[in-house]
>>> print(open('final08.pdb').read())   # PDB, C-alpha atoms, pLDDT in the B column
ATOM      1  CA  MET A   2       0.000   0.000   0.000  1.00 50.00           C
ATOM      2  CA  SER A   3       2.718   2.456   0.967  1.00 58.00           C
ATOM      3  CA  THR A   4       4.677   1.467  -2.154  1.00 62.00           C
ATOM      4  CA  SER A   5       1.612   2.155  -4.263  1.00 83.00           C
ATOM      5  CA  LEU A   6       1.078   5.485  -2.556  1.00 86.00           C
ATOM      6  CA  ALA A   7       4.711   6.388  -3.022  1.00 88.00           C
ATOM      7  CA  GLY A   8       4.534   5.306  -6.656  1.00 85.00           C
ATOM      8  CA  ASN A   9       1.435   7.411  -7.249  1.00 88.00           C
ATOM      9  CA  LEU A  10       3.015  10.375  -5.567  1.00 91.00           C
ATOM     10  CA  ARG A  11       6.129   9.956  -7.691  1.00 91.00           C
ATOM     11  CA  LEU A  12       3.992   9.816 -10.843  1.00 91.00           C
ATOM     12  CA  THR A  13       2.020  12.891  -9.839  1.00 93.00           C
ATOM     13  CA  VAL A  14       5.116  14.913  -9.024  1.00 95.00           C
ATOM     14  CA  ALA A  15       7.011  13.769 -12.114  1.00 94.00           C
ATOM     15  CA  SER A  16       4.133  14.447 -14.510  1.00 94.00           C
ATOM     16  CA  SER A  17       3.522  17.828 -12.937  1.00 96.00           C
ATOM     17  CA  LEU A  18       7.183  18.757 -13.326  1.00 96.00           C
ATOM     18  CA  ALA A  19       7.337  17.385 -16.869  1.00 95.00           C
ATOM     19  CA  SER A  20       4.237  19.268 -18.024  1.00 95.00           C
ATOM     20  CA  GLY A  21       5.550  22.443 -16.388  1.00 96.00           C
ATOM     21  CA  LEU A  22       8.883  21.987 -18.140  1.00 94.00           C
ATOM     22  CA  ILE A  23       7.228  21.437 -21.516  1.00 94.00           C
ATOM     23  CA  ARG A  24       5.064  24.541 -21.043  1.00 95.00           C
ATOM     24  CA  ALA A  25       8.082  26.601 -20.018  1.00 93.00           C
ATOM     25  CA  LEU A  26      10.077  25.295 -22.963  1.00 89.00           C
ATOM     26  CA  ARG A  27       7.261  26.222 -25.314  1.00 89.00           C
ATOM     27  CA  ARG A  28       7.319  29.791 -24.002  1.00 90.00           C
ATOM     28  CA  LEU A  29      11.062  30.026 -24.451  1.00 89.00           C
ATOM     29  CA  ILE A  30      11.270  28.868 -28.030  1.00 86.00           C
ATOM     30  CA  ARG A  31      10.347  30.514 -31.275  1.00 86.00           C
ATOM     31  CA  TRP A  32       7.832  28.215 -32.861  1.00 86.00           C
ATOM     32  CA  ARG A  33       7.205  27.910 -36.545  1.00 85.00           C
ATOM     33  CA  SER A  34       4.512  25.715 -38.031  1.00 85.00           C
ATOM     34  CA  VAL A  35       4.783  24.682 -41.649  1.00 85.00           C
ATOM     35  CA  ASN A  36       1.935  23.338 -43.732  1.00 84.00           C
ATOM     36  CA  GLU A  37      -0.554  23.492 -40.890  1.00 84.00           C
ATOM     37  CA  GLU A  38      -3.340  24.004 -43.431  1.00 83.00           C
ATOM     38  CA  ALA A  39      -3.286  20.228 -43.812  1.00 78.00           C
ATOM     39  CA  VAL A  40      -4.769  19.760 -40.360  1.00 84.00           C
ATOM     40  CA  LEU A  41      -6.686  23.017 -40.089  1.00 86.00           C
ATOM     41  CA  GLY A  42      -8.833  21.973 -43.044  1.00 87.00           C
ATOM     42  CA  LEU A  43      -9.653  18.677 -41.340  1.00 88.00           C
ATOM     43  CA  ASN A  44     -10.349  20.462 -38.055  1.00 88.00           C
ATOM     44  CA  ARG A  45     -12.716  22.907 -39.692  1.00 88.00           C
ATOM     45  CA  SER A  46     -14.605  20.139 -41.469  1.00 89.00           C
ATOM     46  CA  GLY A  47     -14.850  18.187 -38.219  1.00 89.00           C
ATOM     47  CA  ARG A  48     -13.253  15.149 -39.822  1.00 91.00           C
ATOM     48  CA  PRO A  49     -11.118  13.106 -37.434  1.00 94.00           C
ATOM     49  CA  TYR A  50      -7.601  12.208 -38.451  1.00 93.00           C
ATOM     50  CA  VAL A  51      -4.593  10.244 -37.245  1.00 94.00           C
ATOM     51  CA  HIS A  52      -1.754  12.441 -35.981  1.00 93.00           C
ATOM     52  CA  ALA A  53       1.325  10.325 -36.753  1.00 93.00           C
ATOM     53  CA  PHE A  54       4.881  11.032 -35.669  1.00 93.00           C
ATOM     54  CA  PHE A  55       8.101   9.312 -34.662  1.00 92.00           C
ATOM     55  CA  HIS A  56       8.684   8.384 -31.032  1.00 90.00           C
ATOM     56  CA  ASP A  57      11.789  10.527 -30.631  1.00 88.00           C
ATOM     57  CA  GLN A  58       9.788  13.676 -31.445  1.00 88.00           C
ATOM     58  CA  LEU A  59       7.265  13.172 -28.676  1.00 88.00           C
ATOM     59  CA  LEU A  60       8.479  15.926 -26.358  1.00 87.00           C
ATOM     60  CA  MET A  61       6.840  18.937 -27.992  1.00 86.00           C
ATOM     61  CA  MET A  62       4.330  17.037 -30.079  1.00 88.00           C
ATOM     62  CA  THR A  63       1.404  18.201 -27.946  1.00 91.00           C
ATOM     63  CA  TYR A  64       1.911  21.691 -29.387  1.00 90.00           C
ATOM     64  CA  SER A  65       1.838  20.448 -32.954  1.00 88.00           C
ATOM     65  CA  TYR A  66      -1.743  19.347 -32.372  1.00 90.00           C
ATOM     66  CA  LEU A  67      -3.969  22.277 -33.333  1.00 87.00           C
ATOM     67  CA  GLY A  68      -7.368  20.654 -32.872  1.00 88.00           C
ATOM     68  CA  GLN A  69      -7.939  21.969 -29.348  1.00 87.00           C
ATOM     69  CA  THR A  70      -8.408  25.499 -30.705  1.00 86.00           C
ATOM     70  CA  HIS A  71     -11.326  24.076 -32.691  1.00 87.00           C
ATOM     71  CA  GLY A  72     -12.809  22.316 -29.673  1.00 90.00           C
ATOM     72  CA  ARG A  73     -11.493  18.923 -30.714  1.00 93.00           C
ATOM     73  CA  ARG A  74     -10.012  16.223 -28.484  1.00 94.00           C
ATOM     74  CA  LEU A  75      -6.995  14.052 -29.114  1.00 95.00           C
ATOM     75  CA  ALA A  76      -6.693  10.452 -27.966  1.00 96.00           C
ATOM     76  CA  VAL A  77      -3.081   9.376 -27.497  1.00 95.00           C
ATOM     77  CA  LEU A  78      -1.846   5.806 -27.453  1.00 92.00           C
ATOM     78  CA  SER A  79       0.728   5.227 -24.751  1.00 89.00           C
ATOM     79  CA  SER A  80       2.414   2.007 -23.661  1.00 86.00           C
ATOM     80  CA  ARG A  81       1.351   0.106 -20.552  1.00 84.00           C
ATOM     81  CA  HIS A  82       4.897   0.104 -19.246  1.00 84.00           C
ATOM     82  CA  ARG A  83       5.962   2.396 -16.437  1.00 83.00           C
ATOM     83  CA  ASP A  84       7.474   4.976 -18.786  1.00 83.00           C
ATOM     84  CA  GLY A  85       4.155   4.998 -20.649  1.00 86.00           C
ATOM     85  CA  GLU A  86       2.449   5.849 -17.358  1.00 89.00           C
ATOM     86  CA  TYR A  87       4.679   8.916 -16.984  1.00 91.00           C
ATOM     87  CA  VAL A  88       3.892   9.977 -20.550  1.00 91.00           C
ATOM     88  CA  ALA A  89       0.159   9.380 -20.012  1.00 92.00           C
ATOM     89  CA  ARG A  90       0.006  11.346 -16.774  1.00 93.00           C
ATOM     90  CA  THR A  91       1.945  14.196 -18.365  1.00 95.00           C
ATOM     91  CA  LEU A  92      -0.179  14.401 -21.510  1.00 94.00           C
ATOM     92  CA  GLU A  93      -3.412  14.239 -19.517  1.00 94.00           C
ATOM     93  CA  ARG A  94      -2.375  17.578 -18.090  1.00 95.00           C
ATOM     94  CA  PHE A  95      -2.610  19.001 -21.622  1.00 95.00           C
ATOM     95  CA  GLY A  96      -6.194  17.811 -21.953  1.00 94.00           C
ATOM     96  CA  HIS A  97      -5.549  14.725 -24.057  1.00 95.00           C
ATOM     97  CA  LEU A  98      -7.384  11.432 -23.643  1.00 95.00           C
ATOM     98  CA  MET A  99      -4.988   8.614 -22.883  1.00 94.00           C
ATOM     99  CA  VAL A 100      -5.329   5.093 -24.221  1.00 94.00           C
ATOM    100  CA  ARG A 101      -2.987   2.452 -22.872  1.00 89.00           C
ATOM    101  CA  GLY A 102      -1.496  -0.322 -24.967  1.00 81.00           C
ATOM    102  CA  SER A 103       1.470  -1.008 -27.239  1.00 71.00           C
ATOM    103  CA  THR A 104       2.873  -3.654 -29.521  1.00 65.00           C
ATOM    104  CA  GLY A 105       4.061  -5.665 -26.547  1.00 66.00           C
ATOM    105  CA  ARG A 106       1.282  -5.240 -23.976  1.00 69.00           C
ATOM    106  CA  GLY A 107      -2.430  -4.597 -24.451  1.00 67.00           C
ATOM    107  CA  GLY A 108      -1.950  -3.761 -28.108  1.00 77.00           C
ATOM    108  CA  VAL A 109      -5.247  -5.104 -29.410  1.00 86.00           C
ATOM    109  CA  GLY A 110      -7.331  -3.495 -26.671  1.00 90.00           C
ATOM    110  CA  GLY A 111      -5.521  -0.189 -27.093  1.00 91.00           C
ATOM    111  CA  LEU A 112      -5.960  -0.261 -30.846  1.00 93.00           C
ATOM    112  CA  LYS A 113      -9.684  -1.006 -30.535  1.00 94.00           C
ATOM    113  CA  GLU A 114     -10.071   1.917 -28.167  1.00 95.00           C
ATOM    114  CA  MET A 115      -8.222   4.229 -30.579  1.00 96.00           C
ATOM    115  CA  ILE A 116     -10.453   3.097 -33.450  1.00 96.00           C
ATOM    116  CA  GLY A 117     -13.466   3.795 -31.238  1.00 97.00           C
ATOM    117  CA  HIS A 118     -12.228   7.348 -30.650  1.00 97.00           C
ATOM    118  CA  LEU A 119     -11.785   7.918 -34.402  1.00 96.00           C
ATOM    119  CA  ARG A 120     -15.265   6.586 -35.119  1.00 96.00           C
ATOM    120  CA  ALA A 121     -16.639   8.864 -32.417  1.00 96.00           C
ATOM    121  CA  GLY A 122     -15.105  11.843 -34.200  1.00 95.00           C
ATOM    122  CA  ARG A 123     -12.045  12.359 -32.031  1.00 96.00           C
ATOM    123  CA  ASP A 124      -8.516  12.642 -33.414  1.00 96.00           C
ATOM    124  CA  ALA A 125      -5.946   9.968 -32.573  1.00 96.00           C
ATOM    125  CA  ALA A 126      -2.194  10.314 -32.020  1.00 95.00           C
ATOM    126  CA  PHE A 127       0.301   7.532 -32.608  1.00 93.00           C
ATOM    127  CA  ALA A 128       4.042   7.434 -32.014  1.00 92.00           C
ATOM    128  CA  THR A 129       4.321   5.212 -35.047  1.00 92.00           C
ATOM    129  CA  ASP A 130       7.566   3.399 -34.304  1.00 90.00           C
ATOM    130  CA  GLY A 131       6.419   2.051 -30.950  1.00 73.00           C
ATOM    131  CA  PRO A 132       8.183   2.215 -27.596  1.00 71.00           C
ATOM    132  CA  ARG A 133      10.540  -0.679 -28.225  1.00 76.00           C
ATOM    133  CA  GLY A 134      11.689   0.335 -31.674  1.00 74.00           C
ATOM    134  CA  PRO A 135      13.268  -0.265 -34.083  1.00 88.00           C
ATOM    135  CA  ARG A 136      13.731   3.476 -34.345  1.00 90.00           C
ATOM    136  CA  HIS A 137      11.797   5.093 -37.205  1.00 91.00           C
ATOM    137  CA  ARG A 138      10.295   1.798 -38.271  1.00 93.00           C
ATOM    138  CA  VAL A 139       6.546   2.371 -38.535  1.00 93.00           C
ATOM    139  CA  GLN A 140       4.440  -0.350 -36.925  1.00 91.00           C
ATOM    140  CA  ILE A 141       1.332  -1.607 -38.668  1.00 91.00           C
ATOM    141  CA  GLY A 142      -1.056  -0.587 -35.843  1.00 91.00           C
ATOM    142  CA  VAL A 143      -1.379   3.008 -36.984  1.00 93.00           C
ATOM    143  CA  ILE A 144      -2.339   1.869 -40.488  1.00 93.00           C
ATOM    144  CA  GLU A 145      -4.862  -0.586 -39.072  1.00 92.00           C
ATOM    145  CA  ALA A 146      -6.414   2.104 -36.881  1.00 93.00           C
ATOM    146  CA  ALA A 147      -6.748   4.529 -39.792  1.00 93.00           C
ATOM    147  CA  ARG A 148      -8.262   1.848 -42.000  1.00 92.00           C
ATOM    148  CA  LEU A 149     -10.829   0.661 -39.479  1.00 93.00           C
ATOM    149  CA  GLY A 150     -11.484   4.156 -38.137  1.00 94.00           C
ATOM    150  CA  GLY A 151     -11.952   5.501 -41.697  1.00 92.00           C
ATOM    151  CA  ALA A 152      -9.582   8.393 -41.033  1.00 93.00           C
ATOM    152  CA  PRO A 153      -6.735   9.942 -43.024  1.00 92.00           C
ATOM    153  CA  ILE A 154      -3.238   9.910 -41.575  1.00 92.00           C
ATOM    154  CA  VAL A 155      -1.375  13.189 -41.213  1.00 91.00           C
ATOM    155  CA  PRO A 156       2.370  12.642 -40.747  1.00 91.00           C
ATOM    156  CA  VAL A 157       3.885  15.268 -38.447  1.00 90.00           C
ATOM    157  CA  ALA A 158       7.552  15.991 -37.771  1.00 90.00           C
ATOM    158  CA  PHE A 159       9.269  18.256 -35.296  1.00 87.00           C
ATOM    159  CA  ALA A 160      12.799  19.624 -35.191  1.00 87.00           C
ATOM    160  CA  ALA A 161      14.747  22.172 -33.187  1.00 86.00           C
ATOM    161  CA  SER A 162      17.734  24.309 -34.091  1.00 84.00           C
ATOM    162  CA  LYS A 163      19.420  23.444 -30.814  1.00 77.00           C
ATOM    163  CA  LYS A 164      18.846  20.131 -29.193  1.00 72.00           C
ATOM    164  CA  LYS A 165      20.240  17.580 -26.873  1.00 69.00           C
ATOM    165  CA  LEU A 166      20.130  13.979 -27.956  1.00 66.00           C
ATOM    166  CA  CYS A 167      19.563  11.473 -25.192  1.00 62.00           C
ATOM    167  CA  GLY A 168      21.328   8.156 -25.414  1.00 57.00           C
ATOM    168  CA  ARG A 169      19.775   4.736 -25.359  1.00 50.00           C
ATOM    169  CA  GLY A 170      18.380   3.588 -22.064  1.00 43.00           C
ATOM    170  CA  THR A 171      15.953   6.477 -21.885  1.00 41.00           C
ATOM    171  CA  PRO A 172      12.399   5.406 -21.067  1.00 39.00           C
ATOM    172  CA  SER A 173      11.378   5.275 -24.728  1.00 38.00           C
ATOM    173  CA  ARG A 174      14.294   2.935 -25.433  1.00 34.00           C
ATOM    174  CA  SER A 175      15.123   4.985 -28.466  1.00 34.00           C
ATOM    175  CA  PRO A 176      17.190   8.138 -28.780  1.00 33.00           C
ATOM    176  CA  CYS A 177      14.987  11.016 -27.736  1.00 36.00           C
ATOM    177  CA  ARG A 178      15.273  14.556 -28.908  1.00 39.00           C
ATOM    178  CA  SER A 179      14.855  17.461 -26.610  1.00 35.00           C
ATOM    179  CA  ASP A 180      15.325  21.180 -26.908  1.00 33.00           C
ATOM    180  CA  ALA A 181      17.978  22.979 -24.995  1.00 31.00           C
ATOM    181  CA  ALA A 182      17.445  26.715 -25.183  1.00 30.00           C
ATOM    182  CA  SER A 183      16.163  26.267 -28.673  1.00 33.00           C
ATOM    183  CA  SER A 184      15.873  29.470 -30.618  1.00 35.00           C
ATOM    184  CA  SER A 185      13.835  28.082 -33.444  1.00 42.00           C
ATOM    185  CA  THR A 186      11.477  25.171 -33.690  1.00 50.00           C
ATOM    186  CA  VAL A 187       9.746  23.752 -36.683  1.00 58.00           C
ATOM    187  CA  SER A 188       6.622  21.662 -36.551  1.00 61.00           C
ATOM    188  CA  LEU A 189       5.845  20.333 -39.969  1.00 61.00           C
ATOM    189  CA  SER A 190       2.826  18.454 -41.133  1.00 55.00           C
ATOM    190  CA  SER A 191       1.804  17.098 -44.463  1.00 51.00           C
ATOM    191  CA  CYS A 192      -1.333  15.652 -45.864  1.00 43.00           C
ATOM    192  CA  SER A 193      -0.171  14.984 -49.406  1.00 37.00           C
ATOM    193  CA  PRO A 194      -0.365  12.315 -50.432  1.00 36.00           C
ATOM    194  CA  PRO A 195      -2.623  11.070 -47.648  1.00 37.00           C
ATOM    195  CA  PRO A 196      -1.306   7.626 -46.809  1.00 38.00           C
ATOM    196  CA  THR A 197      -4.782   6.380 -46.189  1.00 38.00           C
ATOM    197  CA  ALA A 198      -8.347   7.530 -46.580  1.00 35.00           C
ATOM    198  CA  GLY A 199     -11.638   5.827 -47.054  1.00 31.00           C
ATOM    199  CA  PRO A 200     -12.028   2.186 -47.987  1.00 30.00           C
ATOM    200  CA  TRP A 201      -8.974   0.006 -48.314  1.00 27.00           C
ATOM    201  CA  SER A 202      -8.290  -1.434 -51.721  1.00 23.00           C
TER     202      SER A 202
ATOM    203  CA  MET B   1      -6.879 -12.854 -40.978  1.00 58.00           C
ATOM    204  CA  LEU B   2      -6.737 -10.390 -43.865  1.00 65.00           C
ATOM    205  CA  PRO B   3      -6.412 -11.677 -47.447  1.00 73.00           C
ATOM    206  CA  ALA B   4      -2.863 -11.522 -48.839  1.00 76.00           C
ATOM    207  CA  ALA B   5      -3.736  -8.621 -51.177  1.00 74.00           C
ATOM    208  CA  ASP B   6      -4.996  -6.526 -48.263  1.00 77.00           C
ATOM    209  CA  ARG B   7      -1.949  -7.343 -46.203  1.00 79.00           C
ATOM    210  CA  GLY B   8       0.260  -6.305 -49.128  1.00 84.00           C
ATOM    211  CA  SER B   9      -1.667  -3.068 -49.485  1.00 86.00           C
ATOM    212  CA  MET B  10      -1.303  -2.337 -45.781  1.00 87.00           C
ATOM    213  CA  GLU B  11       2.417  -2.979 -45.947  1.00 90.00           C
ATOM    214  CA  LEU B  12       2.646  -0.482 -48.816  1.00 90.00           C
ATOM    215  CA  LYS B  13       0.752   2.091 -46.770  1.00 90.00           C
ATOM    216  CA  ARG B  14       3.037   1.406 -43.838  1.00 91.00           C
ATOM    217  CA  ARG B  15       6.102   2.046 -45.999  1.00 92.00           C
ATOM    218  CA  ASP B  16       4.499   5.172 -47.491  1.00 91.00           C
ATOM    219  CA  LEU B  17       4.009   6.564 -44.012  1.00 90.00           C
ATOM    220  CA  GLU B  18       7.546   5.637 -43.000  1.00 92.00           C
ATOM    221  CA  VAL B  19       8.975   7.439 -46.036  1.00 92.00           C
ATOM    222  CA  ALA B  20       6.684  10.443 -45.493  1.00 90.00           C
ATOM    223  CA  LEU B  21       7.768  10.751 -41.848  1.00 91.00           C
ATOM    224  CA  GLU B  22      11.460  10.380 -42.728  1.00 92.00           C
ATOM    225  CA  ARG B  23      11.151  13.083 -45.410  1.00 90.00           C
ATOM    226  CA  LEU B  24       9.231  15.408 -43.107  1.00 89.00           C
ATOM    227  CA  THR B  25      11.779  14.882 -40.348  1.00 90.00           C
ATOM    228  CA  ALA B  26      14.676  15.665 -42.716  1.00 90.00           C
ATOM    229  CA  ARG B  27      12.831  18.724 -43.992  1.00 89.00           C
ATOM    230  CA  ALA B  28      12.006  19.951 -40.489  1.00 88.00           C
ATOM    231  CA  GLU B  29      15.657  19.464 -39.463  1.00 88.00           C
ATOM    232  CA  ALA B  30      16.825  21.477 -42.488  1.00 89.00           C
ATOM    233  CA  LEU B  31      14.367  24.294 -41.805  1.00 88.00           C
ATOM    234  CA  ALA B  32      15.176  24.361 -38.096  1.00 86.00           C
ATOM    235  CA  ALA B  33      18.876  24.618 -38.974  1.00 87.00           C
ATOM    236  CA  GLY B  34      18.066  27.706 -41.031  1.00 86.00           C
ATOM    237  CA  GLY B  35      18.841  26.070 -44.346  1.00 85.00           C
ATOM    238  CA  PRO B  36      16.810  26.197 -47.547  1.00 84.00           C
ATOM    239  CA  ASP B  37      13.654  24.158 -47.795  1.00 83.00           C
ATOM    240  CA  PRO B  38      14.662  20.796 -49.292  1.00 83.00           C
ATOM    241  CA  ASP B  39      11.183  20.407 -50.764  1.00 77.00           C
ATOM    242  CA  PRO B  40      11.443  21.531 -54.419  1.00 71.00           C
ATOM    243  CA  ALA B  41       7.712  22.312 -54.595  1.00 71.00           C
ATOM    244  CA  ALA B  42       7.925  24.637 -51.605  1.00 67.00           C
ATOM    245  CA  ARG B  43      11.061  26.292 -53.019  1.00 64.00           C
ATOM    246  CA  SER B  44       9.494  26.961 -56.394  1.00 63.00           C
ATOM    247  CA  ALA B  45       6.372  28.348 -54.739  1.00 59.00           C
ATOM    248  CA  GLY B  46       8.601  30.684 -52.738  1.00 54.00           C
ATOM    249  CA  ARG B  47       7.048  29.768 -49.426  1.00 52.00           C
ATOM    250  CA  PRO B  48       6.894  26.791 -47.079  1.00 52.00           C
ATOM    251  CA  ALA B  49       4.370  24.288 -48.428  1.00 48.00           C
TER     252      ALA B  49
END
>>> encode(input="final08.pdb", output="structure tokens")
Amino acid sequence: MSTSLAGNLRLTVASSLASGLIRALRRLIRWRSVNEEAVLGLNRSGRPYVHAFFHDQLLMMTYSYLGQTHGRRLAVLSSRHRDGEYVARTLERFGHLMVRGSTGRGGVGGLKEMIGHLRAGRDAAFATDGPRGPRHRVQIGVIEAARLGGAPIVPVAFAASKKKLCGRGTPSRSPCRSDAASSSTVSLSSCSPPPTAGPWS
Amino acid sequence: MLPAADRGSMELKRRDLEVALERLTARAEALAAGGPDPDPAARSAGRPA
């Protein structure tokens, strides 16, 4: 019981610090969005889409999601491992809906839940290469979710002019990218060609 | 179990997404570094696409 309480407290403190750090970082950097019309058009039409990115660009990805300004909600798939719990608790503080599951644990249940969100008109975010890698190797789950949820996929990338690369052994098990006093940040999205839309042929 | 044709199609879509994300990442890195936009379409249009 005390371990559980201590664990919960640790999660609460860590997610609070992490969300505060991300918010502070966002205020300190010059942000530039490129090609955001791709998602703004979908937001305006109320059509849900899959927000797809690579795992090592997760840090500032919450700010590349523009749907909240249009009253939309984003469901985010996060692993059931402990590091996924930290990510989930942190992203909940930005108003996102968290779905737990990954290739290794609870994948099918998590995927079904994500498809349900898409069908209900909510957007869905996937770190496409999964928590266990291989790095930048897209897993099939995101394609399956888009197909069954009937939603287009919008690939999104993020880069910073100054960054610190974390080595292996970080919670995501893949090199992570973080900003260190970044002076310029680019969030880039593209909807052409849409990797998937409508019925599968 | 999906028919083989559907599985093949999904694998193609998976690769398309992988390539799209790699290209976007490279482009975002180039733009963040202050370099020219590596996307020829955006360059010829004179603005970020």
>>> residues_near_point(input="final08.pdb", point="(-1.2, 24.4, -38.7)", cutoff="8 Å", atoms="all atoms listed in the file", output="JSON, numbers by chain")
{"A": [34, 35, 36, 37, 38, 39, 40, 41, 65, 67, 190]}
>>> resolve_selection(input="final08.pdb", expression="the PyMOL selection byres ((chain B) within 9 of (chain A))", output="NGL selection string")
:B and (5-6 or 9-11 or 13-18 or 20-34 or 48-49)
>>> residues_around(input="final08.pdb", residues="Gly47 (chain A)", least_positions_apart="4", cutoff="10 Å", atoms="all atoms listed in the file", output="list in words")
Leu41, Gly42, Leu43, Gly68, His71, Gly72, Arg73, Gly122, Arg123 and Asp124 of chain A
>>> residues_around(input="final08.pdb", residues="Gly96 (chain A)", least_positions_apart="6", cutoff="10 Å", atoms="all atoms listed in the file", output="MDAnalysis selection string")
chainID A and resid 63 69 74:76
>>> atom_distance(input="final08.pdb", atom1="CA of Ala146 (chain A)", atom2="CA of Gly102 (chain A)")
13.1 Å
>>> closest_residue(input="final08.pdb", among="A:Leu92, A:Leu59, A:Leu78, A:Leu149", to="Gly21 (chain A)", atoms="all atoms listed in the file")
A:Leu92
>>> atom_distance(input="final08.pdb", atom1="CA of Leu29 (chain A)", atom2="CA of Leu10 (chain A)")
28.4 Å
>>> resolve_selection(input="final08.pdb", expression="the PyMOL selection byres ((chain A and resi 17) around 12)", output="list in words")
Leu10, Arg11, Leu12, Thr13, Val14, Ala15, Ser16, Leu18, Ala19, Ser20, Gly21, Leu22, Ile23, Arg24, Tyr87, Val88, Ala89, Arg90, Thr91, Leu92, Glu93, Arg94 and Phe95 of chain A
>>> write_last_selection(input="final08.pdb", atoms="C-alpha atoms", output="tab-separated table (two decimals), keeping the file's coordinate frame")
chain	number	residue	atom	x	y	z
A	10	LEU	CA	3.02	10.38	-5.57
A	11	ARG	CA	6.13	9.96	-7.69
A	12	LEU	CA	3.99	9.82	-10.84
A	13	THR	CA	2.02	12.89	-9.84
A	14	VAL	CA	5.12	14.91	-9.02
A	15	ALA	CA	7.01	13.77	-12.11
A	16	SER	CA	4.13	14.45	-14.51
A	18	LEU	CA	7.18	18.76	-13.33
A	19	ALA	CA	7.34	17.39	-16.87
A	20	SER	CA	4.24	19.27	-18.02
A	21	GLY	CA	5.55	22.44	-16.39
A	22	LEU	CA	8.88	21.99	-18.14
A	23	ILE	CA	7.23	21.44	-21.52
A	24	ARG	CA	5.06	24.54	-21.04
A	87	TYR	CA	4.68	8.92	-16.98
A	88	VAL	CA	3.89	9.98	-20.55
A	89	ALA	CA	0.16	9.38	-20.01
A	90	ARG	CA	0.01	11.35	-16.77
A	91	THR	CA	1.94	14.20	-18.36
A	92	LEU	CA	-0.18	14.40	-21.51
A	93	GLU	CA	-3.41	14.24	-19.52
A	94	ARG	CA	-2.38	17.58	-18.09
A	95	PHE	CA	-2.61	19.00	-21.62
>>> atom_distance(input="final08.pdb", atom1="CA of Met99 (chain A)", atom2="CA of Ser79 (chain A)")
6.9 Å
>>> axis_aligned_box(input="final08.pdb", around="region 14-22 of chain A", padding_each_side="4 Å", output="AutoDock Vina command-line options")
--center_x 6.2 --center_y 18.1 --center_z -13.6 --size_x 13.4 --size_y 16.7 --size_z 17.1
>>> closest_residue(input="final08.pdb", among="A:Ala126, A:Ala25, A:Val100, A:Leu60", to="Glu114 (chain A)", atoms="all atoms listed in the file")
A:Val100
>>> build_atoms(input="final08.pdb", residues="region 155-166 of chain A", atoms="N, CA and C atoms", output="compact mmCIF listing (two decimals), in the frame of the given file")
# COMPACT_ATOMS: atom_id res chain seq x y z
N VAL A 155 -2.19 12.00 -40.97
CA VAL A 155 -1.38 13.19 -41.21
C VAL A 155 -0.02 12.98 -40.55
N PRO A 156 1.04 12.78 -41.35
CA PRO A 156 2.37 12.64 -40.75
C PRO A 156 2.84 14.00 -40.23
N VAL A 157 3.42 14.02 -39.06
CA VAL A 157 3.88 15.27 -38.45
C VAL A 157 5.32 15.08 -37.96
N ALA A 158 6.16 16.05 -38.24
CA ALA A 158 7.55 15.99 -37.77
C ALA A 158 7.89 17.25 -37.00
N PHE A 159 8.87 17.14 -36.14
CA PHE A 159 9.27 18.26 -35.30
C PHE A 159 10.79 18.31 -35.23
N ALA A 160 11.34 19.50 -35.31
CA ALA A 160 12.80 19.62 -35.19
C ALA A 160 13.13 20.93 -34.48
N ALA A 161 14.30 20.97 -33.89
CA ALA A 161 14.75 22.17 -33.19
C ALA A 161 16.15 22.55 -33.65
N SER A 162 16.42 23.86 -33.63
CA SER A 162 17.73 24.31 -34.09
C SER A 162 18.83 23.92 -33.10
N LYS A 163 18.46 23.89 -31.82
CA LYS A 163 19.42 23.44 -30.81
C LYS A 163 18.76 22.32 -30.05
N LYS A 164 19.46 21.26 -29.87
CA LYS A 164 18.85 20.13 -29.19
C LYS A 164 19.89 19.30 -28.49
N LYS A 165 19.37 18.51 -27.58
CA LYS A 165 20.24 17.58 -26.87
C LYS A 165 19.71 16.18 -27.15
N LEU A 166 20.57 15.34 -27.66
CA LEU A 166 20.13 13.98 -27.96
C LEU A 166 20.41 13.08 -26.75
